[in-house]
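As provided, start_11.pdb (PDB, C-alpha atoms, pLDDT in the B column) reads as follows.
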ATOM      1  CA  MET A   1     -11.388  20.437   0.606  1.00 45.00           C
ATOM      2  CA  THR A   2      -8.582  20.920   3.119  1.00 48.00           C
ATOM      3  CA  GLY A   3      -6.187  18.265   4.383  1.00 46.00           C
ATOM      4  CA  ALA A   4      -8.177  18.136   7.623  1.00 52.00           C
ATOM      5  CA  ASP A   5     -11.253  17.080   5.622  1.00 68.00           C
ATOM      6  CA  ARG A   6      -9.531  14.076   4.021  1.00 68.00           C
ATOM      7  CA  PHE A   7      -9.453  10.531   5.314  1.00 72.00           C
ATOM      8  CA  ASP A   8      -6.873   9.076   2.923  1.00 74.00           C
ATOM      9  CA  LEU A   9      -3.779  10.921   4.172  1.00 78.00           C
ATOM     10  CA  PRO A  10      -1.210   8.979   6.186  1.00 81.00           C
ATOM     11  CA  GLU A  11       0.089  10.155   9.536  1.00 82.00           C
ATOM     12  CA  ALA A  12       3.801  10.164   8.767  1.00 83.00           C
ATOM     13  CA  ASP A  13       6.216  10.462  11.679  1.00 88.00           C
ATOM     14  CA  ALA A  14       9.967  10.229  12.229  1.00 91.00           C
ATOM     15  CA  PHE A  15       9.836   6.413  12.164  1.00 91.00           C
ATOM     16  CA  THR A  16       7.762   6.024   8.978  1.00 92.00           C
ATOM     17  CA  ARG A  17       9.484   8.888   7.096  1.00 92.00           C
ATOM     18  CA  ALA A  18      11.815   6.392   5.314  1.00 95.00           C
ATOM     19  CA  TYR A  19       8.770   4.469   4.052  1.00 95.00           C
ATOM     20  CA  TRP A  20       7.018   7.580   2.709  1.00 93.00           C
ATOM     21  CA  ASP A  21      10.241   8.950   1.196  1.00 93.00           C
ATOM     22  CA  ALA A  22      10.649   5.636  -0.672  1.00 95.00           C
ATOM     23  CA  THR A  23       7.075   5.679  -1.998  1.00 94.00           C
ATOM     24  CA  ALA A  24       7.684   9.233  -3.267  1.00 91.00           C
ATOM     25  CA  GLU A  25      10.479   7.699  -5.366  1.00 93.00           C
ATOM     26  CA  GLY A  26       8.265   4.834  -6.604  1.00 94.00           C
ATOM     27  CA  ARG A  27       9.722   2.224  -4.253  1.00 97.00           C
ATOM     28  CA  LEU A  28       7.932  -0.005  -1.745  1.00 98.00           C
ATOM     29  CA  LEU A  29       9.685  -0.976   1.502  1.00 98.00           C
ATOM     30  CA  VAL A  30       9.009  -3.664   4.100  1.00 97.00           C
ATOM     31  CA  ARG A  31      10.673  -4.326   7.446  1.00 97.00           C
ATOM     32  CA  ARG A  32      12.694  -7.539   7.876  1.00 98.00           C
ATOM     33  CA  CYS A  33      13.715  -9.083  11.184  1.00 98.00           C
ATOM     34  CA  GLY A  34      17.370  -9.988  11.622  1.00 98.00           C
ATOM     35  CA  ALA A  35      16.501 -12.510  14.355  1.00 98.00           C
ATOM     36  CA  CYS A  36      13.791 -14.658  12.721  1.00 98.00           C
ATOM     37  CA  GLY A  37      14.217 -13.519   9.100  1.00 98.00           C
ATOM     38  CA  LEU A  38      10.532 -12.720   8.527  1.00 98.00           C
ATOM     39  CA  ALA A  39       9.308  -9.581   6.776  1.00 97.00           C
ATOM     40  CA  HIS A  40       6.353  -7.596   8.096  1.00 97.00           C
ATOM     41  CA  HIS A  41       4.018  -4.790   7.113  1.00 95.00           C
ATOM     42  CA  PRO A  42       2.795  -2.317   8.288  1.00 94.00           C
ATOM     43  CA  PRO A  43       6.157  -1.026   9.533  1.00 94.00           C
ATOM     44  CA  ARG A  44       6.887  -1.463  13.230  1.00 93.00           C
ATOM     45  CA  GLU A  45       9.948  -0.790  15.346  1.00 95.00           C
ATOM     46  CA  PHE A  46       9.946  -4.449  16.473  1.00 96.00           C
ATOM     47  CA  CYS A  47       9.191  -7.794  14.852  1.00 97.00           C
ATOM     48  CA  PRO A  48       5.548  -8.839  15.382  1.00 97.00           C
ATOM     49  CA  HIS A  49       6.607 -12.500  14.990  1.00 97.00           C
ATOM     50  CA  CYS A  50       9.404 -12.807  17.582  1.00 98.00           C
ATOM     51  CA  TRP A  51       9.421  -9.334  19.227  1.00 98.00           C
ATOM     52  CA  SER A  52      13.051  -8.668  18.294  1.00 98.00           C
ATOM     53  CA  GLU A  53      14.055  -5.044  17.804  1.00 97.00           C
ATOM     54  CA  ASP A  54      16.623  -6.119  15.180  1.00 98.00           C
ATOM     55  CA  VAL A  55      14.533  -4.956  12.200  1.00 97.00           C
ATOM     56  CA  THR A  56      15.622  -3.038   9.122  1.00 97.00           C
ATOM     57  CA  TRP A  57      14.074  -1.524   6.019  1.00 97.00           C
ATOM     58  CA  GLU A  58      14.345  -3.598   2.844  1.00 97.00           C
ATOM     59  CA  PRO A  59      13.158  -2.933  -0.715  1.00 98.00           C
ATOM     60  CA  ALA A  60      10.143  -4.999  -1.735  1.00 98.00           C
ATOM     61  CA  SER A  61       9.850  -6.434  -5.243  1.00 98.00           C
ATOM     62  CA  GLY A  62       6.485  -4.781  -5.853  1.00 97.00           C
ATOM     63  CA  ARG A  63       4.907  -8.137  -6.741  1.00 98.00           C
ATOM     64  CA  ALA A  64       1.887  -9.468  -4.882  1.00 98.00           C
ATOM     65  CA  ALA A  65      -0.988 -11.922  -5.083  1.00 98.00           C
ATOM     66  CA  LEU A  66      -4.579 -10.901  -4.436  1.00 98.00           C
ATOM     67  CA  TYR A  67      -5.607 -12.446  -1.117  1.00 98.00           C
ATOM     68  CA  THR A  68      -9.115 -11.025  -0.630  1.00 97.00           C
ATOM     69  CA  TRP A  69     -11.132  -8.013  -1.756  1.00 97.00           C
ATOM     70  CA  SER A  70     -14.406  -6.161  -1.500  1.00 95.00           C
ATOM     71  CA  VAL A  71     -16.001  -3.794  -3.985  1.00 94.00           C
ATOM     72  CA  VAL A  72     -16.961  -0.596  -2.174  1.00 92.00           C
ATOM     73  CA  HIS A  73     -20.028   1.034  -3.708  1.00 92.00           C
ATOM     74  CA  ARG A  74     -20.617   3.663  -1.047  1.00 91.00           C
ATOM     75  CA  ASN A  75     -18.207   5.600   1.149  1.00 84.00           C
ATOM     76  CA  ASP A  76     -19.237   9.016   2.378  1.00 85.00           C
ATOM     77  CA  LEU A  77     -15.784   9.991   3.661  1.00 80.00           C
ATOM     78  CA  PRO A  78     -13.895  12.428   1.443  1.00 77.00           C
ATOM     79  CA  PRO A  79     -12.321  11.777  -1.011  1.00 79.00           C
ATOM     80  CA  PHE A  80     -13.491   8.155  -1.274  1.00 81.00           C
ATOM     81  CA  SER A  81     -17.030   9.036  -2.379  1.00 77.00           C
ATOM     82  CA  ALA A  82     -15.613  10.364  -5.667  1.00 81.00           C
ATOM     83  CA  ARG A  83     -13.829   7.038  -6.307  1.00 82.00           C
ATOM     84  CA  THR A  84     -16.752   4.633  -5.871  1.00 85.00           C
ATOM     85  CA  PRO A  85     -16.956   1.926  -6.847  1.00 91.00           C
ATOM     86  CA  TYR A  86     -13.418   0.886  -5.917  1.00 91.00           C
ATOM     87  CA  VAL A  87     -11.753  -2.359  -4.873  1.00 95.00           C
ATOM     88  CA  ALA A  88     -10.488  -2.446  -1.287  1.00 94.00           C
ATOM     89  CA  ALA A  89      -8.132  -5.389  -0.984  1.00 97.00           C
ATOM     90  CA  VAL A  90      -5.602  -7.345   1.000  1.00 98.00           C
ATOM     91  CA  VAL A  91      -2.628  -8.510  -1.051  1.00 98.00           C
ATOM     92  CA  GLU A  92       0.118 -10.926  -0.098  1.00 98.00           C
ATOM     93  CA  LEU A  93       3.467  -9.405  -0.965  1.00 98.00           C
ATOM     94  CA  ALA A  94       6.073 -11.666  -2.586  1.00 98.00           C
ATOM     95  CA  GLU A  95       8.157 -11.084   0.561  1.00 97.00           C
ATOM     96  CA  GLY A  96       5.429 -12.653   2.713  1.00 97.00           C
ATOM     97  CA  PRO A  97       3.445 -10.020   4.598  1.00 97.00           C
ATOM     98  CA  ARG A  98      -0.112  -9.066   3.728  1.00 97.00           C
ATOM     99  CA  MET A  99      -0.991  -5.455   3.055  1.00 97.00           C
ATOM    100  CA  MET A 100      -4.255  -3.529   2.880  1.00 96.00           C
ATOM    101  CA  THR A 101      -4.504  -1.559  -0.347  1.00 96.00           C
ATOM    102  CA  GLU A 102      -6.636  -0.862  -3.385  1.00 95.00           C
ATOM    103  CA  VAL A 103      -6.680  -2.766  -6.686  1.00 97.00           C
ATOM    104  CA  VAL A 104      -6.865  -0.507  -9.738  1.00 95.00           C
ATOM    105  CA  GLY A 105      -7.030  -1.162 -13.455  1.00 94.00           C
ATOM    106  CA  ALA A 106      -9.183  -4.300 -13.342  1.00 92.00           C
ATOM    107  CA  GLY A 107     -12.881  -4.850 -13.684  1.00 87.00           C
ATOM    108  CA  THR A 108     -14.449  -6.364 -10.584  1.00 85.00           C
ATOM    109  CA  SER A 109     -15.500  -9.477 -12.521  1.00 87.00           C
ATOM    110  CA  ALA A 110     -11.880 -10.016 -13.600  1.00 91.00           C
ATOM    111  CA  LEU A 111     -10.532 -10.456 -10.047  1.00 95.00           C
ATOM    112  CA  TRP A 112      -9.628 -13.818  -8.527  1.00 95.00           C
ATOM    113  CA  ALA A 113      -7.833 -15.005  -5.412  1.00 96.00           C
ATOM    114  CA  GLY A 114      -4.157 -15.482  -6.182  1.00 96.00           C
ATOM    115  CA  MET A 115      -4.219 -13.039  -9.111  1.00 97.00           C
ATOM    116  CA  ASP A 116      -0.736 -11.665  -9.896  1.00 98.00           C
ATOM    117  CA  LEU A 117      -0.437  -7.969  -9.114  1.00 98.00           C
ATOM    118  CA  GLU A 118       2.237  -5.275  -9.236  1.00 98.00           C
ATOM    119  CA  VAL A 119       2.613  -2.076  -7.272  1.00 98.00           C
ATOM    120  CA  ALA A 120       1.764   1.351  -8.644  1.00 97.00           C
ATOM    121  CA  PHE A 121       1.536   4.606  -6.735  1.00 95.00           C
ATOM    122  CA  ARG A 122      -1.287   7.148  -6.362  1.00 91.00           C
ATOM    123  CA  ALA A 123      -0.634  10.734  -5.338  1.00 89.00           C
ATOM    124  CA  VAL A 124      -2.881  11.817  -2.459  1.00 85.00           C
ATOM    125  CA  GLY A 125      -3.042  15.072  -0.571  1.00 76.00           C
ATOM    126  CA  GLU A 126      -1.807  18.480  -1.491  1.00 68.00           C
ATOM    127  CA  ARG A 127       1.470  20.220  -1.072  1.00 55.00           C
ATOM    128  CA  GLY A 128       1.218  22.197   2.110  1.00 51.00           C
ATOM    129  CA  LYS A 129       0.232  21.534   5.690  1.00 51.00           C
ATOM    130  CA  ARG A 130       0.057  17.710   5.676  1.00 56.00           C
ATOM    131  CA  GLY A 131       1.840  17.320   2.369  1.00 65.00           C
ATOM    132  CA  GLU A 132       1.457  15.122  -0.658  1.00 81.00           C
ATOM    133  CA  TYR A 133       2.096  11.393  -0.419  1.00 88.00           C
ATOM    134  CA  MET A 134       2.430   8.568  -2.910  1.00 92.00           C
ATOM    135  CA  VAL A 135       0.293   5.681  -1.669  1.00 93.00           C
ATOM    136  CA  PRO A 136       0.919   2.146  -2.936  1.00 96.00           C
ATOM    137  CA  VAL A 137      -1.959   0.562  -4.877  1.00 97.00           C
ATOM    138  CA  PHE A 138      -1.815  -2.607  -6.957  1.00 98.00           C
ATOM    139  CA  ARG A 139      -2.796  -3.444 -10.527  1.00 97.00           C
ATOM    140  CA  PRO A 140      -2.870  -6.683 -12.522  1.00 97.00           C
ATOM    141  CA  ARG A 141       0.479  -7.876 -13.829  1.00 94.00           C
ATOM    142  CA  PRO A 142       0.558  -8.427 -17.583  1.00 87.00           C
ATOM    143  CA  VAL A 143      -0.031 -12.097 -18.434  1.00 74.00           C
ATOM    144  CA  SER A 144       2.374 -12.088 -21.379  1.00 64.00           C
ATOM    145  CA  GLY A 145       5.256 -10.899 -19.226  1.00 51.00           C
ATOM    146  CA  GLY A 146       5.500  -7.923 -21.559  1.00 49.00           C
ATOM    147  CA  GLY A 147       6.831  -5.887 -18.680  1.00 46.00           C
ATOM    148  CA  ARG A 148       4.685  -3.005 -17.653  1.00 43.00           C
ATOM    149  CA  ALA A 149       6.864  -0.822 -15.452  1.00 42.00           C
ATOM    150  CA  ARG A 150       5.873   0.492 -12.049  1.00 46.00           C
ATOM    151  CA  GLY A 151       4.174   3.789 -12.432  1.00 50.00           C
ATOM    152  CA  VAL A 152       1.819   6.399 -11.147  1.00 50.00           C
ATOM    153  CA  VAL A 153      -1.938   6.002 -11.376  1.00 53.00           C
ATOM    154  CA  GLN A 154      -4.576   8.671 -11.130  1.00 48.00           C
TER     155      GLN A 154
END
Any chance you could give the structure as structure tokens?
Amino acid sequence: MTGADRFDLPEADAFTRAYWDATAEGRLLVRRCGACGLAHHPPREFCPHCWSEDVTWEPASGRAALYTWSVVHRNDLPPFSARTPYVAAVVELAEGPRMMTEVVGAGTSALWAGMDLEVAFRAVGERGKRGEYMVPVFRPRPVSGGGRARGVVQ
């Protein structure tokens, strides 16, 4: 399968390069507005709340709560068909914005709205024409607070 045949590769550009460089290092970034103080995601060059252009990159904590989800049993687009079933989700980041993602490491019957999650990163793509990217996914946070570190998932 070539990069052109995949539907999970981001379209990185000069503006989003900082975001993708951070994910390659295991860090999640959001944009925060200097005018209204609100964070937003996906990244934009202006604030979607007040339209100010006074926005900067800021590290996110990596913590989130499960907002909503759907279990995908069929997806014919490569490479998703090899991952079915998977959990497509919207999470609410601790910083405020909601983000579309995937929940990994939890059985579908173990999910609930408000569930505590933490970021992990999945490598997608191949080194070469469109490159390899680390895409943020989320997994359940340990209940005991035993401290599972951010990591890479397969």
Point to revise | Spatial neighbours of A:Ala60, max dist 6 Å, all atoms listed in the file, sep filter under 2 positions, as a ChimeraX atom specification | key: /A:28-29,62
Exercise for review: Quick one: pull the distance between atom CA of A:Thr84 and atom CA of A:Val71, Å, one decimal.
Suggested key: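 Separation between atom CA of A:Thr84 and atom CA of A:Val71: 8.7 Å.
The residue set within 9 Å of A:Trp69, counting only C-alpha atoms and dropping same-chain residues fewer than 3 places from it, reads Leu66, Val87, Ala88, Ala89, Val90, Val91, Glu102, Val103, Leu111 and Ala113 of chain A.
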Practice item. May I ask for the distance between atom CA of A:Pro59 and atom CA of A:Val30, given in Å to one decimal place? Key: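 Between these atoms lies a distance of 6.4 Å.
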Exercise for review: Name the residues that the PyMOL selection byres ((chain A and resi 44-55) around 10) picks from the file above, as a PyMOL selection string, using the file's chain letters and numbers.
Suggested key: chain A and resi 15-16+30-43+56-58
**Study point:** Near-A:Ala94 list (7 Å; only C-alpha atoms; drop same-chain fewer than 5 positions) as a list of chain:residue names
**Key:**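 Here the answer would be A:Ser61, A:Arg63, A:Ala64.
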Exercise for review: Would you please work out which residue, of A:Tyr19, A:Tyr67, A:Phe80, A:Tyr86, is nearest to A:Gly107 when using all atoms listed in the file?
Suggested key: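 Among A:Tyr19, A:Tyr67, A:Phe80, A:Tyr86, it is A:Tyr86 that comes nearest to A:Gly107.
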**Study point:** Atom pair atom CA of A:Phe121 / atom CA of A:Thr23: separation (Å)
**Key:** 7.4 Å
Exercise for review: Would you mind listing what lies within 9 Å of A:Val137 as a ChimeraX atom specification, with all atoms listed in the file counted and same-chain residues fewer than 3 positions away left out?
Suggested key: /A:101-104,118-122,153
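When the PyMOL selection byres ((chain A and resi 24) around 12) is evaluated against the file, it yields Arg17, Ala18, Tyr19, Trp20, Asp21, Ala22, Thr23, Glu25, Gly26, Arg27, Leu28, Leu29, Ala120, Phe121, Arg122, Ala123, Val124, Gly131, Glu132, Tyr133, Met134, Val135, Pro136, Gly151 and Val152 of chain A.
With distances restricted to all atoms listed in the file, A:Ala65 is the closest residue to A:Asp116 from A:Leu77, A:Ala14, A:Ala65, A:Met99.
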Exercise for review: Apply the PyMOL selection byres ((chain A and resi 78) around 8) to the displayed file and report the matching residues as a VMD selection string.
Suggested key: chain A and resid 5 to 8 76 to 77 79 to 82
Check your understanding: Pick the closest to A:Ala106 from A:Gly125, A:Val143, A:Phe138, A:Asn75: which is it, counting all atoms listed in the file?
Key -> A:Phe138
Review point. Taking all atoms listed in the file into account, which of A:Gly114, A:Gly96, A:Pro142, A:Pro85 comes nearest A:Val72?
Key: A:Pro85
Practice item. Between A:Arg98, A:Gly105, A:Ala110, A:Arg139, single out the one closest to A:Thr68, counting only C-alpha atoms. Key: A:Arg98
